[in-house]
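Q: This is the structure I have questions about; it appears just below.
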Amino acid sequence: MFYRAVRHDNYSTIGYCQLKDNKVIKRLSRPVLVPEYDYEKQGVEDPRIVFQGGAYYLFYTAFDGRNALGAYATSSDLVNFTKHGIITPQISYREVMGIIGRNKNVPKRYFHYARNALRRNGPDVLLWDKDVFIFPKKINNSFWLVHRIMPSIQIATFKNFSELTTEYWRDYFKAFEKHTLLDPHYRFENHKIGGGCPPIETEAGWLFIYHSVGRIFLRKRYYAAVALLDYHNPRKVIARLPYPLFSPSSSWERKGNVKNVVFPSGAVVRDKRLYIYYGAADKLIAAKSVDLAELLTELAKNPIKL
């Protein structure tokens, strides 16, 4: 397991431990990833690990105190990592909103979040893009990258990471509405949603666990949610539960460094059960499990009508 660890003044690193029967049997005394460059000088956060093509890809949020961007590192042994830098757009909110604003089909909610970001972080702040990871398999010989520009979840496709240049992203934003995977839809996700666990391959399609944030009377509450994506074209959503998979219920999920948070970021299937690992109130790491077949059956009862 790779996890975010925070010291005083909100400086983040990524730690490592090993689990057996969901009990920690080994934990490194030093982080495996630490801030090294200006673009991550205040922290490396929210890791997601994916194995593909003989390599481990560790995706994380690089935070410099103002800008939150997606980056990644690779490893062959889960011990020594090579950083490859930022892969999400290094473009200002102002420029991005100017590009997507030319398309009348783009929902106004993006501009609402952009205005908040500009107010909070200044006119030259870069587009915040977090919750980044790839599918564990290439599809049509391409990488499929999940990312989150608030308040929705998007997918970008490419043959090689070297393609993710500023020009790539400018072209991407010209047809931004085509890249949406999921929009906030239900009441428990009326504030925003974001990618959670790297997708799980099943016979029914890609099982996609994500997090949502509901806002009621100015109080925010995080939830775990789930959708099922088409195996050959994951942009096609087959089914989606209209209620949370789970929500903050225990005292340690409701009270902590940030109240009312369950934040799923890793999942595995073992003995026909799906185990979901999540952050609880930004203070603890916990796990829940569900029978995989039962979950897929429940999803089948909630198809998306196209």
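Lettering and numbering for the structure tokens are positional, with chains as A, B, ... in the shown order, residues counted from 1 in each chain, and ligands counted from 1 in the shown order.
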Please provide as a list of chain:residue names all residues within 8 Å of segment 96-103 of chain A, with the sequence filter that same-chain residues fewer than 2 positions apart are discarded (counting only C-alpha atoms).
A: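 In the requested format, the answer is A:Ile91, A:Ser92, A:Tyr93, A:Arg94, A:Asn105, A:Val106, A:Phe111, A:Ala114, A:Leu127, A:Arg170, A:Phe173, A:Lys174, A:Ala175, A:Phe176.
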Q: So that I can see what lies close to segment 290-295 of chain A, please list as a list of chain:residue names the residues with an atom at most 7 Å from it, counting only C-alpha atoms and leaving out residues fewer than 4 positions away in the same chain.
A: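 Near segment 290-295 of chain A, the qualifying residues are A:Lys272, A:Arg273, A:Leu274, A:Tyr275, A:Leu299.
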Q: May I have the selected residues written with all heavy atoms, as an mmCIF file, in the first residue's frame?
A:
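Result written to again_30.cif:
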```
data_model
loop_
_atom_site.group_PDB
_atom_site.id
_atom_site.type_symbol
_atom_site.label_atom_id
_atom_site.label_comp_id
_atom_site.auth_asym_id
_atom_site.auth_seq_id
_atom_site.Cartn_x
_atom_site.Cartn_y
_atom_site.Cartn_z
ATOM 1 N N LYS A 272 -13.214 -13.609 -4.466
ATOM 2 C CA LYS A 272 -14.509 -13.166 -4.995
ATOM 3 C C LYS A 272 -15.112 -11.994 -4.227
ATOM 4 O O LYS A 272 -16.287 -11.681 -4.384
ATOM 5 C CB LYS A 272 -15.504 -14.342 -5.029
ATOM 6 C CG LYS A 272 -15.055 -15.479 -5.923
ATOM 7 C CD LYS A 272 -16.092 -16.581 -5.970
ATOM 8 C CE LYS A 272 -15.633 -17.720 -6.877
ATOM 9 N NZ LYS A 272 -16.636 -18.815 -6.940
ATOM 10 N N ARG A 273 -14.296 -11.346 -3.413
ATOM 11 C CA ARG A 273 -14.743 -10.130 -2.726
ATOM 12 C C ARG A 273 -13.912 -8.945 -3.203
ATOM 13 O O ARG A 273 -12.710 -9.073 -3.476
ATOM 14 C CB ARG A 273 -14.622 -10.255 -1.200
ATOM 15 C CG ARG A 273 -15.582 -11.240 -0.588
ATOM 16 C CD ARG A 273 -15.633 -11.118 0.923
ATOM 17 N NE ARG A 273 -16.279 -9.897 1.382
ATOM 18 C CZ ARG A 273 -17.599 -9.734 1.479
ATOM 19 N NH1 ARG A 273 -18.421 -10.717 1.138
ATOM 20 N NH2 ARG A 273 -18.108 -8.595 1.915
ATOM 21 N N LEU A 274 -14.582 -7.797 -3.294
ATOM 22 C CA LEU A 274 -13.917 -6.555 -3.652
ATOM 23 C C LEU A 274 -13.557 -5.818 -2.365
ATOM 24 O O LEU A 274 -14.435 -5.503 -1.558
ATOM 25 C CB LEU A 274 -14.838 -5.683 -4.505
ATOM 26 C CG LEU A 274 -14.315 -4.295 -4.862
ATOM 27 C CD1 LEU A 274 -13.164 -4.393 -5.855
ATOM 28 C CD2 LEU A 274 -15.433 -3.426 -5.426
ATOM 29 N N TYR A 275 -12.257 -5.579 -2.168
ATOM 30 C CA TYR A 275 -11.776 -4.839 -1.002
ATOM 31 C C TYR A 275 -11.419 -3.420 -1.448
ATOM 32 O O TYR A 275 -10.634 -3.234 -2.380
ATOM 33 C CB TYR A 275 -10.559 -5.512 -0.390
ATOM 34 C CG TYR A 275 -10.882 -6.824 0.302
ATOM 35 C CD1 TYR A 275 -11.009 -8.000 -0.433
ATOM 36 C CD2 TYR A 275 -11.083 -6.881 1.680
ATOM 37 C CE1 TYR A 275 -11.323 -9.199 0.189
ATOM 38 C CE2 TYR A 275 -11.392 -8.082 2.312
ATOM 39 C CZ TYR A 275 -11.508 -9.231 1.561
ATOM 40 O OH TYR A 275 -11.825 -10.413 2.187
ATOM 41 N N LEU A 299 -25.626 -3.417 -9.748
ATOM 42 C CA LEU A 299 -25.383 -2.461 -10.832
ATOM 43 C C LEU A 299 -26.277 -2.780 -12.040
ATOM 44 O O LEU A 299 -26.798 -1.858 -12.691
ATOM 45 C CB LEU A 299 -23.912 -2.481 -11.235
ATOM 46 C CG LEU A 299 -22.979 -1.641 -10.362
ATOM 47 C CD1 LEU A 299 -21.528 -2.061 -10.561
ATOM 48 C CD2 LEU A 299 -23.136 -0.151 -10.665
#
```
Q: What's around Gly256 of chain A at 10 Å? Count only C-alpha atoms, leave out sequence neighbours fewer than 5 positions away in its own chain, and write the answer as a list in words.
A: Ser251, Val261, Ala280, Ala281, Asp282, Lys283 and Leu284 of chain A
Q: As a PyMOL selection string, please: the residues near Pro242 of chain A (cut-off 12 Å, only C-alpha atoms, same-chain neighbours under 4 positions excluded).
A: chain A and resi 184-189+212+224-227+246+298-299+301-304
Q: Okay, now the selection with N, CA, C and O atoms, as an mmCIF file, in the first residue's frame?
A:
```cif
data_model
loop_
_atom_site.group_PDB
_atom_site.id
_atom_site.type_symbol
_atom_site.label_atom_id
_atom_site.label_comp_id
_atom_site.auth_asym_id
_atom_site.auth_seq_id
_atom_site.Cartn_x
_atom_site.Cartn_y
_atom_site.Cartn_z
ATOM 1 N N PRO A 184 -21.457 15.044 -12.039
ATOM 2 C CA PRO A 184 -22.290 14.920 -10.833
ATOM 3 C C PRO A 184 -23.756 14.810 -11.248
ATOM 4 O O PRO A 184 -24.214 15.536 -12.125
ATOM 5 N N HIS A 185 -24.464 13.893 -10.629
ATOM 6 C CA HIS A 185 -25.845 13.663 -11.058
ATOM 7 C C HIS A 185 -26.813 13.544 -9.884
ATOM 8 O O HIS A 185 -27.878 14.153 -9.887
ATOM 9 N N TYR A 186 -26.432 12.767 -8.876
ATOM 10 C CA TYR A 186 -27.336 12.513 -7.765
ATOM 11 C C TYR A 186 -27.094 13.508 -6.631
ATOM 12 O O TYR A 186 -26.087 14.223 -6.611
ATOM 13 N N ARG A 187 -28.015 13.522 -5.683
ATOM 14 C CA ARG A 187 -27.921 14.499 -4.604
ATOM 15 C C ARG A 187 -26.641 14.326 -3.788
ATOM 16 O O ARG A 187 -26.031 15.304 -3.354
ATOM 17 N N PHE A 188 -26.222 13.075 -3.584
ATOM 18 C CA PHE A 188 -25.031 12.838 -2.761
ATOM 19 C C PHE A 188 -23.737 13.226 -3.484
ATOM 20 O O PHE A 188 -22.655 13.107 -2.925
ATOM 21 N N GLU A 189 -23.841 13.692 -4.717
ATOM 22 C CA GLU A 189 -22.662 14.152 -5.462
ATOM 23 C C GLU A 189 -22.933 15.512 -6.107
ATOM 24 O O GLU A 189 -22.371 15.832 -7.146
ATOM 25 N N SER A 212 -17.486 11.014 -4.268
ATOM 26 C CA SER A 212 -18.387 12.135 -4.542
ATOM 27 C C SER A 212 -18.462 13.014 -3.301
ATOM 28 O O SER A 212 -18.158 12.580 -2.186
ATOM 29 N N ALA A 224 -18.363 7.187 -1.122
ATOM 30 C CA ALA A 224 -17.829 6.288 -2.144
ATOM 31 C C ALA A 224 -18.982 5.904 -3.062
ATOM 32 O O ALA A 224 -20.077 5.588 -2.597
ATOM 33 N N ALA A 225 -18.721 5.944 -4.368
ATOM 34 C CA ALA A 225 -19.763 5.654 -5.355
ATOM 35 C C ALA A 225 -19.206 4.692 -6.392
ATOM 36 O O ALA A 225 -17.987 4.451 -6.449
ATOM 37 N N VAL A 226 -20.091 4.153 -7.241
ATOM 38 C CA VAL A 226 -19.636 3.134 -8.183
ATOM 39 C C VAL A 226 -20.414 3.210 -9.489
ATOM 40 O O VAL A 226 -21.617 3.509 -9.511
ATOM 41 N N ALA A 227 -19.691 2.935 -10.579
ATOM 42 C CA ALA A 227 -20.289 2.848 -11.907
ATOM 43 C C ALA A 227 -19.654 1.671 -12.638
ATOM 44 O O ALA A 227 -18.587 1.180 -12.246
ATOM 45 N N PHE A 246 -20.825 3.518 0.038
ATOM 46 C CA PHE A 246 -20.779 3.704 1.487
ATOM 47 C C PHE A 246 -20.513 5.164 1.796
ATOM 48 O O PHE A 246 -20.113 5.941 0.923
ATOM 49 N N GLU A 298 -26.325 -5.792 -8.475
ATOM 50 C CA GLU A 298 -27.004 -4.551 -8.098
ATOM 51 C C GLU A 298 -26.809 -3.480 -9.169
ATOM 52 O O GLU A 298 -27.745 -2.725 -9.489
ATOM 53 N N LEU A 299 -25.626 -3.417 -9.748
ATOM 54 C CA LEU A 299 -25.383 -2.461 -10.832
ATOM 55 C C LEU A 299 -26.277 -2.780 -12.040
ATOM 56 O O LEU A 299 -26.798 -1.858 -12.691
ATOM 57 N N LYS A 301 -29.142 -3.775 -12.072
ATOM 58 C CA LYS A 301 -30.495 -3.283 -11.821
ATOM 59 C C LYS A 301 -30.613 -1.777 -12.059
ATOM 60 O O LYS A 301 -31.704 -1.218 -12.020
ATOM 61 N N ASN A 302 -29.471 -1.124 -12.289
ATOM 62 C CA ASN A 302 -29.466 0.338 -12.451
ATOM 63 C C ASN A 302 -28.723 0.737 -13.713
ATOM 64 O O ASN A 302 -27.712 1.454 -13.683
ATOM 65 N N PRO A 303 -29.225 0.267 -14.868
ATOM 66 C CA PRO A 303 -28.558 0.600 -16.126
ATOM 67 C C PRO A 303 -28.726 2.061 -16.474
ATOM 68 O O PRO A 303 -29.683 2.712 -16.071
ATOM 69 N N ILE A 304 -27.776 2.559 -17.242
ATOM 70 C CA ILE A 304 -27.871 3.922 -17.763
ATOM 71 C C ILE A 304 -28.594 3.876 -19.103
ATOM 72 O O ILE A 304 -28.200 3.139 -20.019
#
```
Q: So, with only C-alpha atoms as the atoms that count, which of A:Ser289, A:Phe81, A:Lys192, A:Gln42 lies closest to Asp9 of chain A?
A: A:Gln42
Q: Which residue is closest to His84 of chain A? Choose from A:Ser152, A:Asn10, A:Asn22, A:Ser162 and count only C-alpha atoms.
A: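 Result for the nearest residue to His84 of chain A: A:Ser162.
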Q: Please give the complete set of residues from segment 183-220 of chain A that DSSP, run on the backbone, assigns to strand (DSSP E), formatted as a PyMOL selection string.
A: chain A and resi 192-195+200-202+205-216+219-220
Q: Show which residues sit within 10 Å of segment 130-144 of chain A, as a VMD selection string. Count only C-alpha atoms, and ignore same-chain residues fewer than 6 positions away.
A: chain A and resid 45 to 53 56 to 62 68 to 72 87 to 88 150 153 to 161 193 to 201 206 210 to 211 231 to 235 265
Q: How far is it from atom CA of Arg221 of chain A to atom CA of Val269 of chain A, in Å with one decimal?
A: 27.0 Å
Q: From a DSSP pass on the backbone, collect the residues of segment 104-273 of chain A flagged as alpha helix (DSSP H) and hand them back as a PyMOL selection string.
A: chain A and resi 109-121+166-174+251-254
Q: May I ask which of the residues A:Trp252, A:Tyr16, A:Tyr113, A:Tyr11 is the closest one to Phe63 of chain A, counting only C-alpha atoms?
A: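 The closest residue to Phe63 of chain A is A:Tyr11.
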Q: Here is a test: counting only C-alpha atoms, which residue of A:Ala239, A:Ala5, A:Lys41, A:Ser249 is nearest to Ser29 of chain A?
A: A:Ala5
Q: When distances are computed from only C-alpha atoms, which of A:Leu33, A:Leu229, A:Leu182, A:Val79 shows the smallest separation from Ala204 of chain A?
A: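 Looking at the shortest contact to Ala204 of chain A, the residue is A:Leu229.
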Q: Could you state the separation of atom CA of Arg219 of chain A and atom CA of Val258 of chain A in Å, given to one decimal place?
A: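 Computing the Euclidean distance for atom CA of Arg219 of chain A and atom CA of Val258 of chain A yields 11.7 Å.
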Q: Kindly give the distance, in Å, that separates atom CA of Ile209 of chain A and atom CA of Pro264 of chain A, rounded to a single decimal.
A: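 It comes out at 7.3 Å.
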